[in-house]
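Q: This is final_25.tsv (TSV, C-alpha atoms and all ligand atoms).
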```tsv
chain	number	residue	atom	x	y	z
A	1	MET	CA	33.67	4.59	-3.30
A	2	THR	CA	29.92	3.86	-3.21
A	3	THR	CA	28.65	2.47	-6.51
A	4	SER	CA	26.03	4.41	-8.45
A	5	THR	CA	22.32	3.67	-8.32
A	6	THR	CA	20.08	4.27	-11.31
A	7	PHE	CA	16.60	5.74	-10.84
A	8	LEU	CA	13.97	5.29	-13.55
A	9	GLY	CA	10.95	7.54	-12.99
A	10	LEU	CA	11.24	10.95	-11.40
A	11	GLY	CA	7.69	11.73	-10.38
A	12	ALA	CA	7.01	12.88	-6.84
A	13	MET	CA	8.10	9.57	-5.31
A	14	GLY	CA	10.97	8.68	-7.66
A	15	SER	CA	12.47	12.15	-7.15
A	16	ALA	CA	12.22	11.79	-3.36
A	17	LEU	CA	13.97	8.40	-3.49
A	18	ALA	CA	16.79	9.74	-5.69
A	19	ALA	CA	17.14	12.92	-3.62
A	20	ALA	CA	17.49	10.88	-0.41
A	21	ALA	CA	20.27	8.84	-2.01
A	22	LEU	CA	22.08	12.01	-3.11
A	23	ASP	CA	21.65	13.55	0.35
A	24	ALA	CA	23.31	10.45	1.81
A	25	GLY	CA	26.29	10.97	-0.51
A	26	ARG	CA	25.39	8.15	-2.89
A	27	PRO	CA	25.99	8.75	-6.62
A	28	ALA	CA	22.78	8.60	-8.64
A	29	VAL	CA	22.02	8.26	-12.33
A	30	VAL	CA	18.52	9.45	-13.19
A	31	TRP	CA	16.16	9.12	-16.14
A	32	ASN	CA	12.61	10.33	-16.72
A	33	ARG	CA	10.33	10.07	-19.75
A	34	THR	CA	9.74	13.83	-19.62
A	35	PRO	CA	13.34	15.05	-19.43
A	36	HIS	CA	12.83	18.41	-17.67
A	37	ARG	CA	11.77	16.60	-14.47
A	38	ALA	CA	15.39	15.40	-14.14
A	39	GLN	CA	16.83	18.92	-14.03
A	40	ALA	CA	16.43	19.53	-10.30
A	41	LEU	CA	18.24	16.31	-9.44
A	42	GLY	CA	20.90	17.08	-12.05
A	43	ALA	CA	21.51	20.41	-10.29
A	44	ARG	CA	22.00	18.47	-7.04
A	45	GLY	CA	24.71	16.28	-8.55
A	46	ALA	CA	22.87	13.39	-10.20
A	47	THR	CA	24.00	12.22	-13.64
A	48	VAL	CA	21.10	12.71	-16.04
A	49	ALA	CA	20.94	9.86	-18.57
A	50	PRO	CA	19.50	10.71	-22.00
A	51	THR	CA	18.02	7.24	-22.60
A	52	VAL	CA	16.79	4.31	-20.53
A	53	ALA	CA	19.61	2.15	-21.95
A	54	ASP	CA	22.22	4.72	-20.87
A	55	ALA	CA	20.69	4.83	-17.39
A	56	VAL	CA	20.48	1.05	-17.01
A	57	THR	CA	24.06	0.37	-18.12
A	58	ALA	CA	25.46	3.03	-15.76
A	59	ALA	CA	24.82	1.13	-12.51
A	60	PRO	CA	24.41	-2.38	-11.11
A	61	VAL	CA	21.17	-1.51	-9.27
A	62	ILE	CA	18.15	-0.02	-10.99
A	63	VAL	CA	15.44	1.53	-8.80
A	64	VAL	CA	12.14	1.73	-10.69
A	65	CYS	CA	9.36	4.06	-9.52
A	66	LEU	CA	6.94	4.58	-12.38
A	67	PHE	CA	3.20	5.10	-12.59
A	68	ASP	CA	1.97	1.49	-12.77
A	69	HIS	CA	2.79	-2.03	-13.94
A	70	GLU	CA	2.16	-1.22	-17.59
A	71	SER	CA	4.59	1.72	-17.56
A	72	VAL	CA	7.21	-0.47	-15.86
A	73	ARG	CA	6.94	-3.09	-18.62
A	74	GLY	CA	6.92	-0.36	-21.24
A	75	VAL	CA	10.19	1.07	-19.94
A	76	LEU	CA	12.01	-2.17	-19.03
A	77	ASP	CA	11.07	-4.48	-21.91
A	78	PRO	CA	13.16	-2.64	-24.54
A	79	VAL	CA	16.29	-2.86	-22.31
A	80	THR	CA	15.92	-6.50	-21.27
A	81	ALA	CA	19.36	-7.42	-22.64
A	82	GLU	CA	21.06	-4.53	-20.83
A	83	LEU	CA	19.39	-5.49	-17.54
A	84	SER	CA	20.82	-9.00	-17.53
A	85	GLY	CA	23.18	-9.47	-14.57
A	86	ARG	CA	21.83	-6.39	-12.77
A	87	THR	CA	19.37	-5.91	-9.91
A	88	VAL	CA	15.97	-4.25	-10.30
A	89	ILE	CA	14.32	-2.83	-7.18
A	90	ASN	CA	10.77	-2.05	-8.27
A	91	LEU	CA	9.01	0.37	-5.91
A	92	THR	CA	6.10	1.05	-8.27
A	93	THR	CA	2.69	0.17	-6.81
A	94	THR	CA	1.48	-3.02	-8.51
A	95	THR	CA	-0.88	-5.87	-7.70
A	96	PRO	CA	0.65	-9.08	-6.25
A	97	ALA	CA	0.13	-10.91	-9.56
A	98	GLU	CA	1.81	-8.08	-11.46
A	99	SER	CA	4.80	-8.23	-9.08
A	100	ARG	CA	5.05	-11.98	-9.55
A	101	SER	CA	4.93	-11.64	-13.32
A	102	LEU	CA	7.76	-9.08	-13.18
A	103	ALA	CA	9.76	-11.47	-10.98
A	104	ALA	CA	9.20	-14.30	-13.48
A	105	TRP	CA	10.20	-12.03	-16.36
A	106	ALA	CA	13.34	-10.98	-14.43
A	107	ALA	CA	14.28	-14.59	-13.62
A	108	ALA	CA	13.90	-15.56	-17.29
A	109	HIS	CA	16.38	-12.84	-18.27
A	110	GLY	CA	19.05	-13.15	-15.57
A	111	VAL	CA	17.85	-10.10	-13.65
A	112	THR	CA	17.77	-10.14	-9.82
A	113	TYR	CA	14.39	-8.83	-8.67
A	114	LEU	CA	13.36	-7.18	-5.42
A	115	ASP	CA	9.83	-5.80	-5.16
A	116	GLY	CA	8.94	-3.02	-2.75
A	117	ALA	CA	5.80	-1.33	-1.43
A	118	ILE	CA	6.26	2.15	-0.05
A	119	MET	CA	4.19	2.90	3.07
A	120	ALA	CA	4.85	6.65	3.01
A	121	VAL	CA	4.27	9.82	1.03
A	122	PRO	CA	7.20	11.47	-0.78
A	123	GLU	CA	7.76	14.09	1.95
A	124	MET	CA	8.41	11.26	4.46
A	125	ILE	CA	11.17	9.56	2.46
A	126	GLY	CA	14.41	9.73	4.43
A	127	ALA	CA	12.57	10.98	7.52
A	128	PRO	CA	11.32	9.12	10.60
A	129	GLY	CA	8.13	7.15	9.96
A	130	ALA	CA	8.88	6.12	6.38
A	131	ALA	CA	8.58	2.36	5.89
A	132	ILE	CA	9.00	0.11	2.87
A	133	LEU	CA	7.99	-3.55	2.62
A	134	TYR	CA	10.12	-5.76	0.37
A	135	SER	CA	9.73	-9.24	-1.09
A	136	GLY	CA	11.48	-11.31	-3.74
A	137	SER	CA	15.24	-11.74	-3.68
A	138	GLY	CA	16.43	-12.00	-0.07
A	139	ALA	CA	20.03	-11.74	-1.27
A	140	ALA	CA	19.31	-8.38	-2.93
A	141	PHE	CA	17.52	-7.19	0.19
A	142	ASP	CA	20.59	-8.05	2.31
A	143	GLU	CA	23.10	-6.67	-0.16
A	144	HIS	CA	21.46	-3.26	-0.55
A	145	ARG	CA	20.82	-2.41	3.06
A	146	ALA	CA	22.82	0.83	2.90
A	147	LEU	CA	20.64	2.02	0.02
A	148	ARG	CA	17.39	0.94	1.70
A	149	ASP	CA	18.37	2.70	4.90
A	150	VAL	CA	18.50	6.13	3.23
A	151	TRP	CA	14.75	5.87	2.50
A	152	GLY	CA	13.36	4.57	5.80
A	153	ASP	CA	12.66	1.42	7.79
A	154	SER	CA	12.67	-1.80	5.79
A	155	SER	CA	10.91	-5.12	6.34
A	156	PHE	CA	11.45	-8.25	4.25
A	157	VAL	CA	8.14	-10.12	4.05
A	158	GLY	CA	9.08	-13.14	1.95
A	159	ALA	CA	10.61	-14.66	-1.15
A	160	ASP	CA	7.24	-14.53	-2.93
A	161	ALA	CA	7.70	-11.34	-4.97
A	162	GLY	CA	3.98	-10.55	-4.64
A	163	MET	CA	3.95	-10.54	-0.84
A	164	ALA	CA	5.04	-6.91	-0.29
A	165	SER	CA	2.35	-5.75	-2.69
A	166	LEU	CA	-0.26	-8.01	-1.09
A	167	GLN	CA	0.50	-6.67	2.42
A	168	ASP	CA	0.48	-3.12	1.05
A	169	MET	CA	-2.90	-3.59	-0.63
A	170	ALA	CA	-4.35	-5.26	2.47
A	171	MET	CA	-3.26	-2.38	4.68
A	172	LEU	CA	-4.59	0.21	2.24
A	173	ALA	CA	-7.96	-1.58	2.28
A	174	GLY	CA	-8.15	-0.80	6.01
A	175	MET	CA	-6.97	2.76	5.50
A	176	TYR	CA	-9.42	3.67	2.75
A	177	THR	CA	-12.42	2.20	4.54
A	178	MET	CA	-11.39	4.07	7.70
A	179	PHE	CA	-11.18	7.31	5.72
A	180	ALA	CA	-14.60	6.65	4.19
A	181	GLY	CA	-16.04	5.86	7.63
A	182	PHE	CA	-14.71	9.13	8.99
A	183	LEU	CA	-16.21	11.07	6.08
A	184	HIS	CA	-19.55	9.32	6.61
A	185	GLY	CA	-19.59	10.51	10.23
A	186	ALA	CA	-18.45	13.98	9.18
A	187	ALA	CA	-21.38	14.15	6.72
A	188	MET	CA	-23.82	13.17	9.49
A	189	VAL	CA	-22.74	15.95	11.86
A	190	HIS	CA	-22.23	18.42	9.01
A	191	ALA	CA	-25.94	18.10	8.25
A	192	ALA	CA	-26.52	19.49	11.76
A	193	GLY	CA	-24.03	22.33	11.28
A	194	VAL	CA	-21.09	20.75	13.13
A	195	PRO	CA	-17.82	21.46	11.29
A	196	ALA	CA	-15.64	18.49	10.39
A	197	THR	CA	-12.74	20.23	12.13
A	198	GLU	CA	-14.66	19.98	15.40
A	199	PHE	CA	-15.84	16.42	14.76
A	200	VAL	CA	-12.31	15.19	14.06
A	201	THR	CA	-11.15	16.19	17.54
A	202	ARG	CA	-13.50	13.47	18.88
A	203	GLN	CA	-13.32	10.95	16.06
A	204	ALA	CA	-9.52	10.68	15.72
A	205	PRO	CA	-8.80	9.71	19.36
A	206	PHE	CA	-11.83	7.38	19.35
A	207	LEU	CA	-10.57	5.53	16.27
A	208	ALA	CA	-7.07	5.34	17.78
A	209	ALA	CA	-8.55	3.76	20.93
A	210	MET	CA	-10.70	1.36	18.87
A	211	ALA	CA	-7.62	0.21	16.94
A	212	GLY	CA	-6.73	-1.54	20.20
A	213	GLN	CA	-9.55	-4.00	19.41
A	214	LEU	CA	-7.87	-5.25	16.26
A	215	ALA	CA	-5.50	-7.69	17.98
A	216	GLY	CA	-8.50	-9.44	19.56
A	217	PHE	CA	-10.25	-9.69	16.19
A	218	ALA	CA	-7.05	-11.09	14.68
A	219	ALA	CA	-6.71	-13.78	17.38
A	220	THR	CA	-10.37	-14.76	16.93
A	221	VAL	CA	-10.06	-15.01	13.17
A	222	ASP	CA	-6.84	-17.07	13.34
A	223	ALA	CA	-8.43	-19.43	15.87
A	224	GLU	CA	-11.61	-19.60	13.73
A	225	ASP	CA	-13.51	-19.59	17.01
A	226	TYR	CA	-16.22	-16.94	17.19
A	227	THR	CA	-17.89	-18.34	20.30
A	228	GLY	CA	-15.54	-16.96	22.96
A	229	GLU	CA	-16.37	-14.88	26.02
A	230	GLY	CA	-16.50	-11.14	25.59
A	231	GLN	CA	-17.14	-11.11	21.85
A	232	GLN	CA	-19.84	-8.66	20.75
A	233	SER	CA	-22.43	-10.84	19.02
A	234	LEU	CA	-23.53	-10.39	15.43
A	235	ARG	CA	-27.12	-9.89	16.65
A	236	PHE	CA	-26.01	-7.03	18.92
A	237	THR	CA	-23.96	-5.49	16.11
A	238	GLU	CA	-26.91	-5.76	13.70
A	239	THR	CA	-29.11	-3.75	16.09
A	240	ALA	CA	-26.36	-1.13	16.47
A	241	LEU	CA	-25.84	-0.83	12.71
A	242	ALA	CA	-29.59	-0.70	12.01
A	243	THR	CA	-29.88	2.21	14.47
A	244	LEU	CA	-26.89	3.85	12.82
A	245	LEU	CA	-28.49	3.49	9.40
A	246	ARG	CA	-31.73	5.08	10.66
A	247	ALA	CA	-29.71	7.98	12.09
A	248	THR	CA	-27.91	8.24	8.75
A	249	ALA	CA	-31.26	8.50	6.96
A	250	GLU	CA	-32.49	11.11	9.48
A	251	GLN	CA	-29.47	13.26	8.57
A	252	GLY	CA	-30.15	12.81	4.84
A	253	VAL	CA	-26.76	11.11	4.38
A	254	ASP	CA	-26.04	8.46	1.74
A	255	PRO	CA	-25.72	5.00	3.38
A	256	ALA	CA	-23.27	3.77	0.71
A	257	VAL	CA	-20.36	3.38	3.15
A	258	LEU	CA	-22.24	1.79	6.01
A	259	ALA	CA	-24.90	-0.36	4.33
A	260	PRO	CA	-22.44	-3.03	3.07
A	261	VAL	CA	-21.17	-3.59	6.63
A	262	HIS	CA	-24.73	-4.10	7.83
A	263	ASP	CA	-25.33	-6.44	4.89
A	264	LEU	CA	-22.34	-8.64	5.86
A	265	VAL	CA	-23.68	-8.93	9.41
A	266	VAL	CA	-27.21	-9.76	8.20
A	267	ARG	CA	-25.88	-12.48	5.88
A	268	GLN	CA	-24.00	-14.21	8.69
A	269	ILE	CA	-27.05	-14.03	10.96
A	270	ALA	CA	-29.17	-15.52	8.16
A	271	ALA	CA	-26.62	-18.35	7.96
A	272	GLY	CA	-27.40	-19.13	11.61
A	273	HIS	CA	-24.51	-17.40	13.43
A	274	GLY	CA	-26.34	-14.59	15.25
A	275	GLU	CA	-24.86	-15.45	18.64
A	276	HIS	CA	-21.32	-15.62	17.32
A	277	GLY	CA	-18.86	-12.76	17.60
A	278	THR	CA	-18.88	-9.89	15.10
A	279	ALA	CA	-15.43	-10.88	13.80
A	280	ARG	CA	-17.31	-13.66	12.03
A	281	ILE	CA	-18.03	-11.33	9.10
A	282	PHE	CA	-14.47	-12.32	8.11
A	283	GLU	CA	-16.03	-15.63	6.98
A	284	GLU	CA	-18.49	-13.74	4.79
A	285	ILE	CA	-15.76	-11.61	3.25
A	286	ARG	CA	-13.16	-14.28	2.57
A	287	ARG	CA	-15.53	-16.64	0.82
A	288	THR	CA	-16.21	-14.07	-1.93
A	289	ARG	CA	-12.79	-14.52	-3.53
B	1	LIG	P1	3.85	10.63	-10.39
B	1	LIG	O1	2.57	10.71	-11.14
B	1	LIG	O2	4.34	11.87	-9.70
B	1	LIG	O3	5.00	10.10	-11.34
B	1	LIG	C1	4.77	9.06	-12.26
B	1	LIG	C2	6.07	8.74	-12.94
B	1	LIG	O4	5.81	7.69	-13.88
B	1	LIG	C3	6.65	9.90	-13.74
B	1	LIG	O5	8.05	9.80	-13.71
B	1	LIG	C4	6.09	9.63	-15.13
B	1	LIG	O6	6.87	10.20	-16.15
B	1	LIG	C5	6.24	8.13	-15.17
B	1	LIG	N1	5.42	7.50	-16.19
B	1	LIG	C6	4.06	7.40	-16.23
B	1	LIG	N2	3.68	6.69	-17.30
B	1	LIG	C7	4.80	6.37	-17.97
B	1	LIG	C8	5.05	5.63	-19.16
B	1	LIG	N3	4.06	5.09	-19.87
B	1	LIG	N4	6.34	5.48	-19.55
B	1	LIG	C9	7.35	6.02	-18.84
B	1	LIG	N5	7.19	6.72	-17.70
B	1	LIG	C10	5.91	6.88	-17.27
B	1	LIG	O7	3.65	9.45	-9.33
B	1	LIG	P2	4.49	9.17	-7.99
B	1	LIG	O8	5.93	9.47	-8.22
B	1	LIG	O9	3.79	9.80	-6.85
B	1	LIG	O10	4.26	7.60	-7.85
B	1	LIG	C11	5.11	6.67	-8.48
B	1	LIG	C12	4.81	5.30	-7.90
B	1	LIG	O11	5.03	5.34	-6.48
B	1	LIG	C13	3.36	4.88	-8.12
B	1	LIG	O12	3.29	3.51	-8.44
B	1	LIG	C14	2.73	5.15	-6.76
B	1	LIG	O13	1.61	4.33	-6.50
B	1	LIG	C15	3.90	4.83	-5.83
B	1	LIG	N6	3.69	5.45	-4.53
B	1	LIG	C16	3.44	6.81	-4.45
B	1	LIG	C17	3.12	7.37	-3.25
B	1	LIG	C18	2.84	8.83	-3.15
B	1	LIG	O14	2.38	9.27	-2.07
B	1	LIG	N7	3.10	9.63	-4.19
B	1	LIG	C19	3.02	6.56	-2.01
B	1	LIG	C20	3.37	5.16	-2.19
B	1	LIG	C21	3.65	4.64	-3.42
B	1	LIG	P3	6.52	11.65	-16.75
B	1	LIG	O15	7.16	12.65	-15.81
B	1	LIG	O16	7.12	11.63	-18.09
B	1	LIG	O17	5.02	11.77	-16.77
```
Would you mind writing the file's structure down as structure tokens?
Ligand code: NDP

A:
Amino acid sequence: MTTSTTFLGLGAMGSALAAAALDAGRPAVVWNRTPHRAQALGARGATVAPTVADAVTAAPVIVVCLFDHESVRGVLDPVTAELSGRTVINLTTTTPAESRSLAAWAAAHGVTYLDGAIMAVPEMIGAPGAAILYSGSGAAFDEHRALRDVWGDSSFVGADAGMASLQDMAMLAGMYTMFAGFLHGAAMVHAAGVPATEFVTRQAPFLAAMAGQLAGFAATVDAEDYTGEGQQSLRFTETALATLLRATAEQGVDPAVLAPVHDLVVRQIAAGHGEHGTARIFEEIRRTR
């Protein structure tokens, strides 16, 4: 018989993870700070644990999906002794340093630690398209494949427990700036009475096509050679962005999203790289660590 899995945290995501396990016929023990949120899963066959200690001691694998790093420490610290010898799979969103500190804490207390970053919304869990990045204990990743598979596609990105979080954060940086860029454009056309629902029919396929450029940028950055054929120069990009900023002003739109991109280009030109490719703004960004 399949061993039980314990789930700590039954918010939107924690509930989806536990429900997917139950749907796959896997026994689940669930706990939530606010007890009534466990009722729906209890009705579907999960064992509802009254305390964190009861939940932790009921299974060898503890899946944690809480609000943030602080809530994870707040819940796990009091049951450190009970966790010894068990595996924690932490799917809470944390920074890389926070993940590493949890891994160090786990190692100091005989707890096997696997960190995860969920690249999906709760409705996608268990459905095609859901993906989770993992890092930390490779042995735990291998051992719990059947559990991982009920949630979605899995990738192991390294023994450094912070790596899944780092890759997650890096991808979200691209996502949020893309969203902001779309909304900037939507504000520009909105000022002329064009609905965003019409604008998106042009913008979405254009952005999808432009995503094809990313591999070229990546190769340029890895080679640290911004002089190659076919690269759009910083000087050209500066002219384009300056025109875009004037158009933004004409529409009465706030330049807050676009102006920093222009600023990065201007700084690299001022440093003497105007004829180099636009990917060179990578050098401006990475030096600000
Ligand atoms: P919710 O806000 O729906 O749930 C938060 C959970 O954390 C609840 O179970 C809540 O308990 C618990 N919690 C909060 N603070 C504490 C505390 N101090 N002590 C104990 N329990 C606490 O969030 P989600 O379920 O959506 O998200 C959970 C994690 O999953 C987050 O780290 C999020 O970033 C990550 N994630 C979520 C995604 C999403 O689309 N929702 C996508 C990818 C990752 P209570 O019910 O008592 O308030």

Q: Counting only C-alpha atoms, figure out which residue out of A:Ala215, A:Ser101, A:Gln251, A:Thr93 gets nearest to A:Met188.

A: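 Among the listed residues, A:Gln251 lies closest to A:Met188.
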
Q: Write out as lines of an AutoDock Vina configuration file an axis-aligned box for ligand LIG 1 (chain B): all of its atoms listed in the file, 8 Å added on each side, centre and edge lengths in Å with one decimal.

A:
```
center_x = 4.8
center_y = 8.1
center_z = -10.9
size_x = 22.4
size_y = 25.1
size_z = 33.9
```

Q: Here's a test: counting all atoms listed in the file, identify every protein, DNA and RNA residue with an atom at most 12 Å from (-17.5, 10.7, 5.1) in the file's coordinate frame, and state them as JSON, numbers by chain.

A: {"A": [176, 177, 178, 179, 180, 181, 182, 183, 184, 185, 186, 187, 188, 189, 190, 191, 196, 199, 200, 203, 248, 253, 254, 255, 256, 257, 258]}

Q: State, in Å with one decimal place, the distance from atom CA of A:Ala49 to atom CA of A:Ser4.

A: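 So the two atoms, atom CA of A:Ala49 and atom CA of A:Ser4, lie 12.6 Å apart.
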
Q: Determine, counting only C-alpha atoms, which protein, DNA and RNA residues have an atom within 9 Å of an atom of A:Leu66; residues of the same chain fewer than 3 positions away are not included. Present the result as a list in words.

A: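 The filter keeps Leu8, Gly9, Leu10, Gly11, Met13, Gly14, His69, Ser71, Val72, Val75, Asn90, Leu91, Thr92 and Thr93 of chain A.
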
Q: Interatomic distance between atom CA of A:Pro50 and atom CA of A:Pro35?

A: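 These two atoms are separated by 8.0 Å.
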
Q: In Å to one decimal, how far is atom CA of A:Cys65 from atom O3 of ligand LIG 1 (chain B)?

A: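 About the pair atom O3 of ligand LIG 1 (chain B) and atom CA of A:Cys65: they are 7.7 Å apart.
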
Q: Which residue, A:Ala170, A:Val111, A:Ala120, A:Ala259, has the smallest gap to A:Ile89 when you use all atoms listed in the file?

A: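 Counting all atoms listed in the file, the residue closest to A:Ile89 is A:Val111.
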
Q: Any idea what's packed within 9 Å of A:Arg148, counting only C-alpha atoms, ignoring anything in its chain fewer than 6 positions away? Could you give it as a ChimeraX atom specification?

A: /A:132,141,154

Q: With all atoms listed in the file as the atoms that count, which of A:Asp68, A:Asp153, A:Glu283, A:Glu238 lies nearest to ligand LIG 1 (chain B)?

A: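 Looking at the shortest contact to ligand LIG 1 (chain B), the residue is A:Asp68.
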
Q: I'd like to know which of A:Asp77, A:Asp222, A:Asp263, A:Asp54 is closest to ligand LIG 1 (chain B), using only C-alpha atoms and all ligand atoms.

A: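 Looking only at the distances to ligand LIG 1 (chain B), the closest residue turns out to be A:Asp77.
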
Q: Taking the point (20.9, -9.5, -14.3) as given in the file, collect each protein or nucleic acid residue that comes within 9 Å of it, counting all atoms listed in the file, and present the set as a list in words.

A: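 Within the cut-off we find Pro60, Ala81, Glu82, Leu83, Ser84, Gly85, Arg86, Thr87, Val88, Ala106, Ala107, His109, Gly110, Val111, Thr112 and Tyr113 of chain A.
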
Q: For A:Gly216, find every residue with an atom within 12 Å (counting only C-alpha atoms), except residues of its own chain fewer than 4 positions away, and show them as a list in words.

A: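 Near A:Gly216, the qualifying residues are Met210, Ala211, Gly212, Thr220, Val221, Asp222, Ala223, Asp225, Tyr226, Gly228, Glu229, Gly230, Gln231, Gln232, Gly277, Thr278 and Ala279 of chain A.
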
Q: Counting only C-alpha atoms and all ligand atoms, which of A:Ala139, A:Ala46, A:Ala208, A:Ala16 gets nearest to ligand LIG 1 (chain B)?

A: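 Among A:Ala139, A:Ala46, A:Ala208, A:Ala16, it is A:Ala16 that comes nearest to ligand LIG 1 (chain B).
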
Q: Excluding A:Gly152 and residues on its chain fewer than 2 positions from it, collect all residues at most 7 Å away from it, counting all atoms listed in the file, and give them as a PDB file with C-alpha atoms, keeping the file's coordinate frame.

A:
```pdb
ATOM      1  CA  ILE A 125      11.170   9.560   2.460  1.00  0.00           C
ATOM      2  CA  GLY A 126      14.410   9.730   4.430  1.00  0.00           C
ATOM      3  CA  ALA A 127      12.570  10.980   7.520  1.00  0.00           C
ATOM      4  CA  PRO A 128      11.320   9.120  10.600  1.00  0.00           C
ATOM      5  CA  ALA A 130       8.880   6.120   6.380  1.00  0.00           C
ATOM      6  CA  ALA A 131       8.580   2.360   5.890  1.00  0.00           C
ATOM      7  CA  ILE A 132       9.000   0.110   2.870  1.00  0.00           C
ATOM      8  CA  ARG A 148      17.390   0.940   1.700  1.00  0.00           C
ATOM      9  CA  ASP A 149      18.370   2.700   4.900  1.00  0.00           C
ATOM     10  CA  VAL A 150      18.500   6.130   3.230  1.00  0.00           C
ATOM     11  CA  SER A 154      12.670  -1.800   5.790  1.00  0.00           C
TER      12      SER A 154
END
```

Q: Rank A:Ala271, A:Val265, A:Val64, A:Ala140 by their smallest atom-to-atom distance to ligand LIG 1 (chain B), using only C-alpha atoms and all ligand atoms, and report the top residue only.

A: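 Answer, going by the shortest atom-to-atom distance: A:Val64.
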
Q: Quick one: stretch 131-166 of chain A with C-alpha atoms, as a short mmCIF file (atom, residue, chain, number, x, y, z; two decimals), in the first residue's frame?

A:
```cif
data_model
loop_
_atom_site.label_atom_id
_atom_site.label_comp_id
_atom_site.auth_asym_id
_atom_site.auth_seq_id
_atom_site.Cartn_x
_atom_site.Cartn_y
_atom_site.Cartn_z
CA ALA A 131 5.69 22.23 -13.86
CA ILE A 132 7.70 22.22 -10.65
CA LEU A 133 11.43 22.87 -10.33
CA TYR A 134 13.25 21.04 -7.53
CA SER A 135 16.66 21.36 -5.91
CA GLY A 136 18.36 20.00 -2.81
CA SER A 137 18.35 16.29 -2.07
CA GLY A 138 18.67 14.34 -5.33
CA ALA A 139 17.92 11.13 -3.45
CA ALA A 140 14.58 12.53 -2.24
CA PHE A 141 13.79 13.74 -5.75
CA ASP A 142 14.39 10.22 -7.12
CA GLU A 143 12.58 8.44 -4.31
CA HIS A 144 9.38 10.47 -4.54
CA ARG A 145 8.82 10.43 -8.25
CA ALA A 146 5.36 8.85 -7.95
CA LEU A 147 4.27 11.70 -5.67
CA ARG A 148 5.83 14.40 -7.89
CA ASP A 149 4.14 12.96 -10.94
CA VAL A 150 0.63 13.54 -9.56
CA TRP A 151 1.29 17.30 -9.59
CA GLY A 152 2.93 17.83 -12.98
CA ASP A 153 6.24 17.77 -14.82
CA SER A 154 9.32 17.84 -12.61
CA SER A 155 12.85 19.09 -13.24
CA PHE A 156 15.77 18.68 -10.84
CA VAL A 157 18.01 21.74 -11.17
CA GLY A 158 20.77 20.95 -8.70
CA ALA A 159 21.93 19.96 -5.24
CA ASP A 160 22.10 23.62 -4.19
CA ALA A 161 18.77 23.93 -2.36
CA GLY A 162 18.45 27.56 -3.50
CA MET A 163 18.65 26.80 -7.21
CA ALA A 164 14.95 26.00 -7.82
CA SER A 165 13.99 29.24 -6.11
CA LEU A 166 16.62 31.20 -8.02
#
```
